[in-house]
>>> print(open('input.cif').read())   # mmCIF, C-alpha atoms
data_coords
#
loop_
_atom_site.label_atom_id
_atom_site.label_comp_id
_atom_site.auth_asym_id
_atom_site.auth_seq_id
_atom_site.Cartn_x
_atom_site.Cartn_y
_atom_site.Cartn_z
CA MET A 1 143.21 -9.90 -2.15
CA LYS A 2 141.19 -11.80 0.47
CA ASP A 3 143.18 -14.94 -0.42
CA VAL A 4 146.56 -13.70 0.90
CA VAL A 5 147.34 -15.84 3.95
CA GLY A 6 147.54 -13.72 7.10
CA SER A 7 145.98 -10.55 5.69
CA PRO A 8 143.79 -8.43 8.01
CA GLY A 9 140.16 -9.49 8.34
CA THR A 10 140.87 -13.17 7.54
CA LYS A 11 140.98 -16.27 9.80
CA THR A 12 144.74 -16.78 9.22
CA GLY A 13 145.32 -13.10 10.00
CA LEU A 14 143.39 -13.51 13.25
CA MET A 15 145.41 -16.65 14.14
CA LEU A 16 148.66 -14.74 13.50
CA ARG A 17 147.55 -11.90 15.82
CA ILE A 18 146.43 -14.36 18.53
CA GLY A 19 149.81 -16.11 18.21
CA GLN A 20 151.70 -12.82 18.65
CA CYS A 21 149.54 -11.89 21.60
CA GLY A 22 149.92 -15.32 23.24
CA PHE A 23 153.70 -15.58 22.88
CA ALA A 24 154.21 -11.98 24.05
CA ALA A 25 152.00 -12.68 27.10
CA ALA A 26 153.96 -15.90 27.80
CA SER A 27 157.23 -13.95 27.58
CA ILE A 28 155.93 -11.40 30.13
CA ALA A 29 154.60 -14.16 32.42
CA PHE A 30 157.90 -16.09 32.55
CA MET A 31 159.88 -12.88 33.14
CA VAL A 32 157.57 -11.67 35.92
CA CYS A 33 157.80 -15.11 37.62
CA ALA A 34 161.63 -14.95 37.60
CA ALA A 35 162.91 -13.50 40.87
CA GLY A 36 165.00 -10.34 40.65
CA PHE A 37 164.11 -9.38 37.07
CA ALA A 38 163.40 -5.78 38.16
CA SER A 39 167.11 -5.10 38.83
CA TYR A 40 167.88 -5.47 35.11
CA THR A 41 167.00 -2.59 32.75
CA ALA A 42 166.94 -4.93 29.72
CA PHE A 43 164.42 -7.31 31.34
CA CYS A 44 162.15 -4.37 32.33
CA TYR A 45 162.39 -3.11 28.74
CA LEU A 46 161.47 -6.61 27.51
CA ILE A 47 158.31 -6.53 29.63
CA ALA A 48 157.41 -3.01 28.40
CA SER A 49 158.01 -3.95 24.76
CA MET A 50 156.07 -7.24 25.02
CA GLY A 51 153.28 -5.34 26.83
CA LEU A 52 153.03 -2.93 23.90
CA GLN A 53 153.03 -5.93 21.54
CA VAL A 54 150.16 -7.57 23.45
CA LEU A 55 148.11 -4.33 23.27
CA TRP A 56 148.77 -3.85 19.54
CA SER A 57 148.15 -7.48 18.54
CA PHE A 58 145.08 -7.78 20.78
CA GLY A 59 143.61 -4.61 19.26
CA LEU A 60 144.15 -5.91 15.74
CA ALA A 61 142.77 -9.35 16.71
CA CYS A 62 139.57 -7.66 17.94
CA LEU A 63 139.40 -5.74 14.65
CA ASP A 64 139.83 -9.03 12.74
CA VAL A 65 136.99 -10.66 14.73
CA TYR A 66 134.77 -7.64 14.03
CA ALA A 67 135.64 -7.72 10.31
CA LEU A 68 134.96 -11.48 10.14
CA LYS A 69 131.62 -11.04 11.92
CA ILE A 70 130.22 -8.28 9.73
CA LYS A 71 132.20 -9.54 6.68
CA ARG A 72 133.86 -6.19 6.10
CA ASP A 73 136.96 -5.70 4.00
CA LEU A 74 139.81 -4.17 6.01
CA GLN A 75 142.14 -3.68 3.06
CA SER A 76 141.80 0.02 2.36
CA PRO A 77 145.14 1.78 1.69
CA VAL A 78 144.78 4.03 4.77
CA LEU A 79 144.11 1.15 7.17
CA VAL A 80 146.86 -1.06 5.69
CA SER A 81 149.36 1.85 5.88
CA LEU A 82 148.49 2.19 9.58
CA PHE A 83 149.03 -1.56 10.10
CA VAL A 84 152.38 -1.40 8.25
CA VAL A 85 153.72 1.44 10.40
CA GLY A 86 152.48 -0.15 13.66
CA ASP A 87 153.81 -3.57 12.75
CA TRP A 88 157.26 -2.24 11.76
CA VAL A 89 157.59 -0.14 14.90
CA THR A 90 156.54 -2.97 17.26
CA ALA A 91 158.71 -5.47 15.32
CA THR A 92 161.79 -3.26 15.73
CA LEU A 93 161.08 -2.71 19.44
CA SER A 94 160.47 -6.46 19.98
CA LEU A 95 163.74 -7.41 18.27
CA ALA A 96 165.64 -4.81 20.29
CA ALA A 97 164.10 -6.05 23.56
CA ALA A 98 164.66 -9.73 22.76
CA CYS A 99 168.29 -9.13 21.74
CA SER A 100 169.23 -6.96 24.72
CA SER A 101 167.78 -9.55 27.11
CA ALA A 102 169.42 -12.39 25.16
CA GLY A 103 172.76 -10.58 25.57
CA ILE A 104 172.41 -10.70 29.37
CA VAL A 105 171.13 -14.30 29.43
CA VAL A 106 174.08 -15.49 27.29
CA LEU A 107 176.46 -13.47 29.49
CA TYR A 108 175.16 -15.16 32.66
CA SER A 109 174.73 -18.70 31.34
CA ASN A 110 177.74 -19.03 28.98
CA ASP A 111 180.33 -16.29 29.52
CA LEU A 112 180.29 -15.99 33.33
CA SER A 113 178.61 -19.36 34.13
CA LEU A 114 176.73 -17.69 37.00
CA CYS A 115 173.51 -19.69 36.56
CA ARG A 116 174.59 -22.59 38.79
CA SER A 117 176.68 -20.79 41.36
CA GLU A 118 174.39 -17.80 41.98
CA HIS A 119 171.06 -19.71 41.88
CA LEU A 120 169.64 -17.30 39.30
CA PRO A 121 166.33 -18.27 37.60
CA CYS A 122 168.16 -18.59 34.25
CA SER A 123 165.75 -21.14 32.75
CA LYS A 124 162.87 -18.68 33.22
CA TYR A 125 164.93 -15.86 31.67
CA GLN A 126 165.80 -18.14 28.74
CA LEU A 127 162.17 -19.18 28.18
CA SER A 128 161.03 -15.55 28.32
CA VAL A 129 163.64 -14.50 25.75
CA THR A 130 162.77 -17.49 23.52
CA PHE A 131 159.09 -16.49 23.54
CA ALA A 132 160.11 -12.88 22.78
CA PHE A 133 162.04 -14.10 19.71
CA ILE A 134 159.04 -16.18 18.55
CA THR A 135 156.85 -13.06 18.99
CA TRP A 136 159.33 -11.05 16.92
CA PHE A 137 159.30 -13.72 14.19
CA LEU A 138 155.48 -13.64 14.02
CA ILE A 139 155.31 -9.82 14.00
CA ALA A 140 158.04 -9.67 11.33
CA LEU A 141 155.94 -12.09 9.25
CA SER A 142 152.93 -9.77 9.69
CA SER A 143 155.04 -6.72 8.75
CA TYR A 144 156.17 -8.27 5.46
CA LEU A 145 152.63 -9.46 4.65
CA MET A 146 151.24 -5.95 5.32
CA LEU A 147 153.92 -4.36 3.15
CA TRP A 148 153.11 -6.87 0.40
CA ILE A 149 149.40 -6.09 0.69
CA LEU A 150 150.06 -2.32 0.73
CA ALA A 151 152.10 -2.66 -2.47
CA SER A 152 149.24 -4.48 -4.19
CA VAL A 153 146.25 -2.51 -2.76
CA MET B 1 164.64 7.79 -10.73
CA LYS B 2 168.22 9.12 -10.57
CA ASP B 3 166.96 11.98 -8.41
CA VAL B 4 166.04 9.86 -5.35
CA VAL B 5 168.52 10.82 -2.61
CA GLY B 6 170.67 7.85 -1.58
CA SER B 7 169.79 5.57 -4.50
CA PRO B 8 172.53 3.26 -5.87
CA GLY B 9 174.87 4.77 -8.41
CA THR B 10 174.50 8.34 -7.10
CA LYS B 11 176.82 10.54 -5.03
CA THR B 12 174.46 10.58 -2.01
CA GLY B 13 174.16 6.78 -2.26
CA LEU B 14 177.94 6.52 -2.23
CA MET B 15 178.15 8.85 0.82
CA LEU B 16 175.58 6.72 2.65
CA ARG B 17 177.60 3.56 1.97
CA ILE B 18 180.85 5.23 3.04
CA GLY B 19 179.11 6.39 6.24
CA GLN B 20 177.91 2.86 7.02
CA CYS B 21 181.35 1.48 6.32
CA GLY B 22 183.09 4.12 8.45
CA PHE B 23 180.84 3.85 11.50
CA ALA B 24 180.93 0.03 11.39
CA ALA B 25 184.75 0.14 11.20
CA ALA B 26 184.84 2.62 14.12
CA SER B 27 182.59 0.30 16.14
CA ILE B 28 184.97 -2.63 15.49
CA ALA B 29 188.05 -0.48 16.27
CA PHE B 30 186.73 0.72 19.67
CA MET B 31 185.63 -2.80 20.63
CA VAL B 32 188.96 -4.38 19.65
CA CYS B 33 190.82 -1.69 21.67
CA ALA B 34 188.75 -2.47 24.81
CA ALA B 35 190.54 -5.04 26.95
CA GLY B 36 188.71 -8.30 27.67
CA PHE B 37 186.06 -7.97 24.96
CA ALA B 38 186.73 -11.54 23.80
CA SER B 39 185.20 -13.02 26.97
CA TYR B 40 181.75 -11.67 25.99
CA THR B 41 179.79 -13.53 23.31
CA ALA B 42 177.69 -10.42 22.53
CA PHE B 43 180.77 -8.24 21.91
CA CYS B 44 182.30 -10.92 19.60
CA TYR B 45 178.98 -11.09 17.75
CA LEU B 46 179.03 -7.26 17.44
CA ILE B 47 182.46 -7.44 15.79
CA ALA B 48 181.31 -10.23 13.43
CA SER B 49 178.15 -8.36 12.49
CA MET B 50 179.93 -5.02 11.98
CA GLY B 51 182.59 -6.87 9.94
CA LEU B 52 179.89 -8.22 7.64
CA GLN B 53 178.44 -4.69 7.43
CA VAL B 54 181.83 -3.25 6.42
CA LEU B 55 182.20 -5.89 3.67
CA TRP B 56 178.67 -5.33 2.35
CA SER B 57 178.80 -1.51 2.43
CA PHE B 58 182.34 -1.39 1.02
CA GLY B 59 181.31 -3.68 -1.86
CA LEU B 60 178.32 -1.46 -2.67
CA ALA B 61 180.45 1.71 -2.33
CA CYS B 62 182.87 0.26 -4.93
CA LEU B 63 179.91 -0.53 -7.19
CA ASP B 64 178.66 3.07 -6.75
CA VAL B 65 182.10 4.48 -7.69
CA TYR B 66 182.17 2.21 -10.76
CA ALA B 67 178.64 3.27 -11.77
CA LEU B 68 179.51 6.97 -11.29
CA LYS B 69 182.67 6.56 -13.35
CA ILE B 70 181.13 4.85 -16.37
CA LYS B 71 177.77 6.65 -15.78
CA ARG B 72 175.83 3.38 -15.68
CA ASP B 73 172.33 3.04 -14.24
CA LEU B 74 172.26 0.52 -11.37
CA GLN B 75 168.49 0.56 -10.95
CA SER B 76 167.49 -2.66 -12.69
CA PRO B 77 164.83 -4.66 -10.75
CA VAL B 78 167.21 -7.65 -10.28
CA LEU B 79 170.05 -5.53 -8.84
CA VAL B 80 167.74 -3.48 -6.59
CA SER B 81 166.08 -6.71 -5.30
CA LEU B 82 169.55 -7.99 -4.38
CA PHE B 83 170.34 -4.70 -2.58
CA VAL B 84 167.00 -4.85 -0.71
CA VAL B 85 167.58 -8.41 0.56
CA GLY B 86 171.20 -7.69 1.54
CA ASP B 87 170.31 -4.41 3.25
CA TRP B 88 167.45 -5.95 5.24
CA VAL B 89 169.54 -8.93 6.36
CA THR B 90 172.52 -6.79 7.44
CA ALA B 91 170.18 -4.23 9.08
CA THR B 92 168.52 -6.96 11.18
CA LEU B 93 171.90 -8.46 12.15
CA SER B 94 173.29 -5.00 13.04
CA LEU B 95 170.30 -4.14 15.23
CA ALA B 96 170.52 -7.52 16.98
CA ALA B 97 174.27 -7.07 17.60
CA ALA B 98 173.93 -3.46 18.79
CA CYS B 99 171.06 -4.33 21.16
CA SER B 100 172.67 -7.42 22.68
CA SER B 101 175.87 -5.45 23.36
CA ALA B 102 173.85 -2.49 24.67
CA GLY B 103 172.10 -4.88 27.09
CA ILE B 104 175.47 -5.83 28.61
CA VAL B 105 176.81 -2.24 28.65
CA VAL B 106 173.67 -0.98 30.46
CA LEU B 107 173.90 -3.93 32.87
CA TYR B 108 177.50 -3.07 33.77
CA SER B 109 177.23 0.72 33.86
CA ASN B 110 173.73 1.21 35.35
CA ASP B 111 172.34 -1.96 36.93
CA LEU B 112 175.47 -3.37 38.60
CA SER B 113 177.61 -0.16 38.60
CA LEU B 114 180.71 -2.27 37.88
CA CYS B 115 182.39 0.29 35.61
CA ARG B 116 184.14 2.17 38.41
CA SER B 117 184.88 -0.66 40.83
CA GLU B 118 186.10 -3.27 38.32
CA HIS B 119 188.08 -0.87 36.05
CA LEU B 120 186.31 -2.13 32.94
CA PRO B 121 186.81 -0.16 29.68
CA CYS B 122 183.12 0.85 29.75
CA SER B 123 183.56 4.08 27.78
CA LYS B 124 185.07 2.11 24.88
CA TYR B 125 182.22 -0.42 25.02
CA GLN B 126 179.72 2.47 25.05
CA LEU B 127 181.34 4.22 22.09
CA SER B 128 181.47 0.96 20.12
CA VAL B 129 177.76 0.30 20.78
CA THR B 130 176.86 3.92 19.89
CA PHE B 131 178.66 3.59 16.55
CA ALA B 132 176.88 0.26 15.97
CA PHE B 133 173.52 1.99 16.49
CA ILE B 134 174.49 4.80 14.07
CA THR B 135 175.50 2.11 11.53
CA TRP B 136 172.13 0.42 12.02
CA PHE B 137 170.32 3.75 11.52
CA LEU B 138 172.19 4.37 8.23
CA ILE B 139 171.63 0.83 6.94
CA ALA B 140 167.92 1.02 7.92
CA LEU B 141 167.72 4.26 5.91
CA SER B 142 169.30 2.47 2.92
CA SER B 143 166.88 -0.46 3.33
CA TYR B 144 163.80 1.77 3.18
CA LEU B 145 165.22 3.72 0.23
CA MET B 146 165.93 0.48 -1.66
CA LEU B 147 162.43 -0.83 -0.93
CA TRP B 148 160.99 2.47 -2.14
CA ILE B 149 163.08 2.30 -5.33
CA LEU B 150 162.14 -1.37 -5.89
CA ALA B 151 158.44 -0.45 -5.59
CA SER B 152 158.83 2.27 -8.22
CA VAL B 153 161.24 0.51 -10.64
#
>>> encode(input="input.cif", output="structure tokens")
Amino acid sequence: MKDVVGSPGTKTGLMLRIGQCGFAAASIAFMVCAAGFASYTAFCYLIASMGLQVLWSFGLACLDVYALKIKRDLQSPVLVSLFVVGDWVTATLSLAAACSSAGIVVLYSNDLSLCRSEHLPCSKYQLSVTFAFITWFLIALSSYLMLWILASV
Amino acid sequence: MKDVVGSPGTKTGLMLRIGQCGFAAASIAFMVCAAGFASYTAFCYLIASMGLQVLWSFGLACLDVYALKIKRDLQSPVLVSLFVVGDWVTATLSLAAACSSAGIVVLYSNDLSLCRSEHLPCSKYQLSVTFAFITWFLIALSSYLMLWILASV
């Protein structure tokens, strides 16, 4: 089972967690830098959801480092079940946050064309949402891998 | 296996599909009745996504009726795999559509408080989004059931 790419306690698994953590942090950073984000509920929710993602992925990355150091197998059914539930919950929340923010960004940039006239920091909003979607893609990848591992544990 | 609530080819499975179909159709109906929906990309995407959901759930409901009529077992691994993939894809699209529309509805009703001043049909938008979320909940339920059945087939 150690050979499955991205499984917990492996180098690829650690890289996947670091990637999730990094993109979620980048999404938060771009949103926080954009002026006036706090007036939008969806953007605040994006920050909260990406914050939760950073905490979850960072925690699992630390666990991966620990497992790699002491060469311990993390693939017990109880642990993998916990990873599956956590990954699915954070994946759903990340998708919901990314989509609700994307709805507003598309409304401002395409439907109402307010980005030029109102001097809104649309490029920062867009970058933040893009990073949130990349985070969702990576966490969805983890979720499927965990489910696969759980089925074969 | 026939005893699993909501599995394909059973009465509860048929009810679940009819529910998905009905709520998705209600979501489309409320959105189409709301004036000016066509100027919002997210609302158009909601209609497209709910339309796909209606087609998918209606197709599977017909299959359930057929299976109930001739008393045929629909739980072959190939068929269930097809249901799993279709359910997961439509569930993801439904959640994305519901969240992007919800982002705009919350923006208008809470953040900008435009619903009263601009005479927008906000209550219709809200009802449409609520039905989209109920549809997503039902299709997510189906997805997990199908995955469960696939694991035990």
>>> resolve_selection(input="input.cif", expression="the PyMOL selection byres ((chain A) within 7 of (chain B))", output="list in words")
Ser39, Tyr40, Thr41, Ala42, Leu95, Ala96, Cys99, Ser100, Ser101, Ala102, Gly103, Ile104, Leu107 and Asp111 of chain A
>>> residues_near_point(input="input.cif", point="(135.8, -16.1, 13.3)", cutoff="9 Å", atoms="only C-alpha atoms", output="ChimeraX atom specification")
/A:10-11,14,64-69
>>> write_last_selection(input="input.cif", atoms="C-alpha atoms", output="PDB file, keeping the file's coordinate frame")
ATOM      1  CA  THR A  10     140.870 -13.170   7.540  1.00  0.00           C
ATOM      2  CA  LYS A  11     140.980 -16.270   9.800  1.00  0.00           C
ATOM      3  CA  LEU A  14     143.390 -13.510  13.250  1.00  0.00           C
ATOM      4  CA  ASP A  64     139.830  -9.030  12.740  1.00  0.00           C
ATOM      5  CA  VAL A  65     136.990 -10.660  14.730  1.00  0.00           C
ATOM      6  CA  TYR A  66     134.770  -7.640  14.030  1.00  0.00           C
ATOM      7  CA  ALA A  67     135.640  -7.720  10.310  1.00  0.00           C
ATOM      8  CA  LEU A  68     134.960 -11.480  10.140  1.00  0.00           C
ATOM      9  CA  LYS A  69     131.620 -11.040  11.920  1.00  0.00           C
TER      10      LYS A  69
END
>>> resolve_selection(input="input.cif", expression="the PyMOL selection byres ((chain A and resi 122) around 12)", output="MDAnalysis selection string")
chainID A and resid 30:31 33:37 101:102 104:110 113:121 123:129
>>> resolve_selection(input="input.cif", expression="the PyMOL selection byres ((chain B and resi 88) around 9)", output="list in words")
Phe83, Val84, Val85, Gly86, Asp87, Val89, Thr90, Ala91, Thr92, Leu93, Ile139, Ala140, Ser142, Ser143 and Tyr144 of chain B
>>> residues_around(input="input.cif", residues="Arg17 (chain A)", least_positions_apart="4", cutoff="9 Å", atoms="all atoms listed in the file", output="list in words")
Gly6, Thr12, Gly13, Cys21, Gly22, Trp56, Ser57, Phe58, Gly59, Leu60, Ala61, Asp64, Leu138, Ile139 and Ser142 of chain A
